[in-house]
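Peer 1: Let me begin by handing over the structure; questions about it come next.
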Amino acid sequence: MANKGLAKDQKDLSILVTGGAGFIGSHTCVELIQRGYSVVIVDDLSNSSIRKICGIDADDAQLRFYKQNILDREALDAIFAENDVDAIIHFAGFKAVGESVQKPLEYYWNNIAGTLVLCDVARNHGVKN
């Protein structure tokens with residue numbers, strides 16, 4: 001019988017980390033993994049590169065990596081369908097101040113529209129955290 005409505009143990013929680021291959025995201029993933037969480041990373045590697053995290057290869061049972069952009073609704077939908085995501089930590093976004101002044105629409109599109117796509121897909125999969 002399923003534990004519907006009962007709180008999960010920490011070791012049974014899966015956290016989706018967007019931008020998880022970046023500096024802050026990867027350090028967050030290390031902390032989550034060390035505390036026993038399962039981590040799903042979504043990162044398009046536009047400002048980072050994938051590496052071993054905590055000595056764990058991407059696609060280990062405790063760590064899954066998807067090279068995808070959060071603007072890709074179909075890809076995000078597939079990731080949520082494939083993983084039992086309990087919560088999201090969202091770090092994916094452009095962040096260079098000088099470039100943001102030169103290319104404001106690109107920054108708005110990536111950072112705001114990307115967040116809206118992520119939130120909509122999460123809602124469609126019942127993820128509220």
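Each chain of the structure tokens is named A, B, ... in the order shown, its residues numbered from 1; ligands are numbered from 1 in display order.
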Skipping near chain neighbours, those fewer than 2 positions away, what residues fall within 9 Å of Val42 in chain A using only C-alpha atoms, listed as a list in words?
Peer 2: Leu16, Val17, Thr18, Gly19, Gly20, Ala21, Val40, Asp44, Arg64, Phe65, Tyr66, Lys67, Gln68, Asn69, Ile70, Leu76, Ile79 and Ala92 of chain A
Peer 1: Would you write out those residues with C-alpha atoms, as a short mmCIF file (atom, residue, chain, number, x, y, z; two decimals), in the first residue's frame?
Peer 2:
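Just written: out-v6.cif:
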data_model
loop_
_atom_site.label_atom_id
_atom_site.label_comp_id
_atom_site.auth_asym_id
_atom_site.auth_seq_id
_atom_site.Cartn_x
_atom_site.Cartn_y
_atom_site.Cartn_z
CA LEU A 16 15.42 18.76 -9.24
CA VAL A 17 18.22 21.34 -9.49
CA THR A 18 18.13 23.56 -12.57
CA GLY A 19 21.53 25.00 -13.38
CA GLY A 20 22.98 22.19 -11.29
CA ALA A 21 26.25 22.04 -13.22
CA VAL A 40 18.08 15.42 -10.79
CA ASP A 44 22.05 23.17 -20.82
CA ARG A 64 20.70 12.00 -12.80
CA PHE A 65 21.80 14.59 -15.35
CA TYR A 66 19.86 15.98 -18.31
CA LYS A 67 21.47 18.36 -20.80
CA GLN A 68 18.36 20.42 -21.50
CA ASN A 69 17.24 24.02 -21.51
CA ILE A 70 14.38 24.94 -19.19
CA LEU A 76 11.06 19.20 -19.06
CA ILE A 79 12.13 14.69 -17.22
CA ALA A 92 19.21 28.15 -14.27
#
Peer 1: As an MDAnalysis selection string, please: all residues of chain A that backbone DSSP puts in alpha helix (DSSP H).
Peer 2: chainID A and resid 23:34 73:82 97:102 104:107 114:124
Peer 1: What does the distance from CA of Ile89 in chain A to CA of Lys8 in chain A come to in Å, to one decimal?
Peer 2: 18.1 Å
Peer 1: Can you list, as a PyMOL selection string, every protein, DNA or RNA residue that comes within 8 Å of Phe80 in chain A when you count only C-alpha atoms, leaving out same-chain residues fewer than 6 positions away?
Peer 2: chain A and resi 121-122+125
Peer 1: DSSP on the backbone: which residues in range 76-123 of chain A end up as strand (DSSP E)? Give the answer as a list in words.
Peer 2: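 Written out, the strand (DSSP E) residues of range 76-123 of chain A are Ala87, Ile88, Ile89 and His90 of chain A.
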Peer 1: Which neighbours of range 100-112 of chain A fall inside 12 Å, counting only C-alpha atoms, when residues of the same chain fewer than 2 positions from it are skipped, and could you give them as a PyMOL selection string?
Peer 2: chain A and resi 18-19+44+46+69-72+90-98+114-119
Peer 1: Using N, CA and C atoms, can you write the selected residues to a file as a short mmCIF file (atom, residue, chain, number, x, y, z; two decimals), in the first residue's frame?
Peer 2:
data_model
loop_
_atom_site.label_atom_id
_atom_site.label_comp_id
_atom_site.auth_asym_id
_atom_site.auth_seq_id
_atom_site.Cartn_x
_atom_site.Cartn_y
_atom_site.Cartn_z
N THR A 18 17.85 22.96 -11.26
CA THR A 18 18.13 23.56 -12.57
C THR A 18 19.41 24.36 -12.43
N GLY A 19 20.24 24.34 -13.47
CA GLY A 19 21.53 25.00 -13.38
C GLY A 19 22.46 24.28 -12.43
N ASP A 44 21.72 23.22 -19.40
CA ASP A 44 22.05 23.17 -20.82
C ASP A 44 23.55 23.37 -21.08
N SER A 46 25.36 25.90 -20.93
CA SER A 46 25.74 27.12 -21.64
C SER A 46 26.77 27.94 -20.87
N ASN A 69 17.54 22.64 -21.84
CA ASN A 69 17.24 24.02 -21.51
C ASN A 69 15.85 24.07 -20.89
N ILE A 70 15.69 24.88 -19.86
CA ILE A 70 14.38 24.94 -19.19
C ILE A 70 13.30 25.56 -20.05
N LEU A 71 13.66 26.16 -21.15
CA LEU A 71 12.66 26.68 -22.09
C LEU A 71 12.04 25.57 -22.94
N ASP A 72 12.64 24.39 -22.93
CA ASP A 72 12.15 23.27 -23.73
C ASP A 72 11.08 22.52 -22.93
N HIS A 90 15.90 26.20 -8.20
CA HIS A 90 16.04 26.78 -9.54
C HIS A 90 17.20 27.77 -9.61
N PHE A 91 18.30 27.36 -10.26
CA PHE A 91 19.47 28.22 -10.46
C PHE A 91 19.71 28.54 -11.93
N ALA A 92 18.95 27.95 -12.84
CA ALA A 92 19.21 28.15 -14.27
C ALA A 92 18.85 29.58 -14.65
N GLY A 93 19.81 30.26 -15.22
CA GLY A 93 19.55 31.62 -15.66
C GLY A 93 20.82 32.30 -16.12
N PHE A 94 20.64 33.28 -16.99
CA PHE A 94 21.76 34.09 -17.41
C PHE A 94 22.06 35.08 -16.29
N LYS A 95 23.35 35.44 -16.12
CA LYS A 95 23.70 36.24 -14.96
C LYS A 95 24.77 37.30 -15.19
N ALA A 96 25.24 37.49 -16.40
CA ALA A 96 26.29 38.47 -16.65
C ALA A 96 25.68 39.87 -16.75
N VAL A 97 26.01 40.73 -15.81
CA VAL A 97 25.39 42.05 -15.74
C VAL A 97 25.61 42.86 -17.02
N GLY A 98 26.85 42.94 -17.48
CA GLY A 98 27.14 43.72 -18.69
C GLY A 98 26.39 43.21 -19.90
N GLY A 114 11.75 31.12 -18.99
CA GLY A 114 12.24 29.80 -18.55
C GLY A 114 11.67 29.42 -17.20
N THR A 115 11.63 30.38 -16.29
CA THR A 115 11.05 30.12 -14.96
C THR A 115 9.56 29.80 -15.08
N LEU A 116 8.86 30.51 -15.93
CA LEU A 116 7.43 30.25 -16.11
C LEU A 116 7.17 28.87 -16.71
N VAL A 117 7.99 28.47 -17.68
CA VAL A 117 7.86 27.12 -18.26
C VAL A 117 8.09 26.08 -17.17
N LEU A 118 9.17 26.25 -16.40
CA LEU A 118 9.49 25.32 -15.32
C LEU A 118 8.33 25.22 -14.32
N CYS A 119 7.80 26.35 -13.90
CA CYS A 119 6.70 26.35 -12.93
C CYS A 119 5.44 25.70 -13.49
#
Peer 1: Report, in Å with one decimal, the straight-line distance from CA of Glu99 in chain A to CA of Ser48 in chain A.
Peer 2: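 If I compute the distance from CA of Glu99 in chain A to CA of Ser48 in chain A, I get 16.8 Å.
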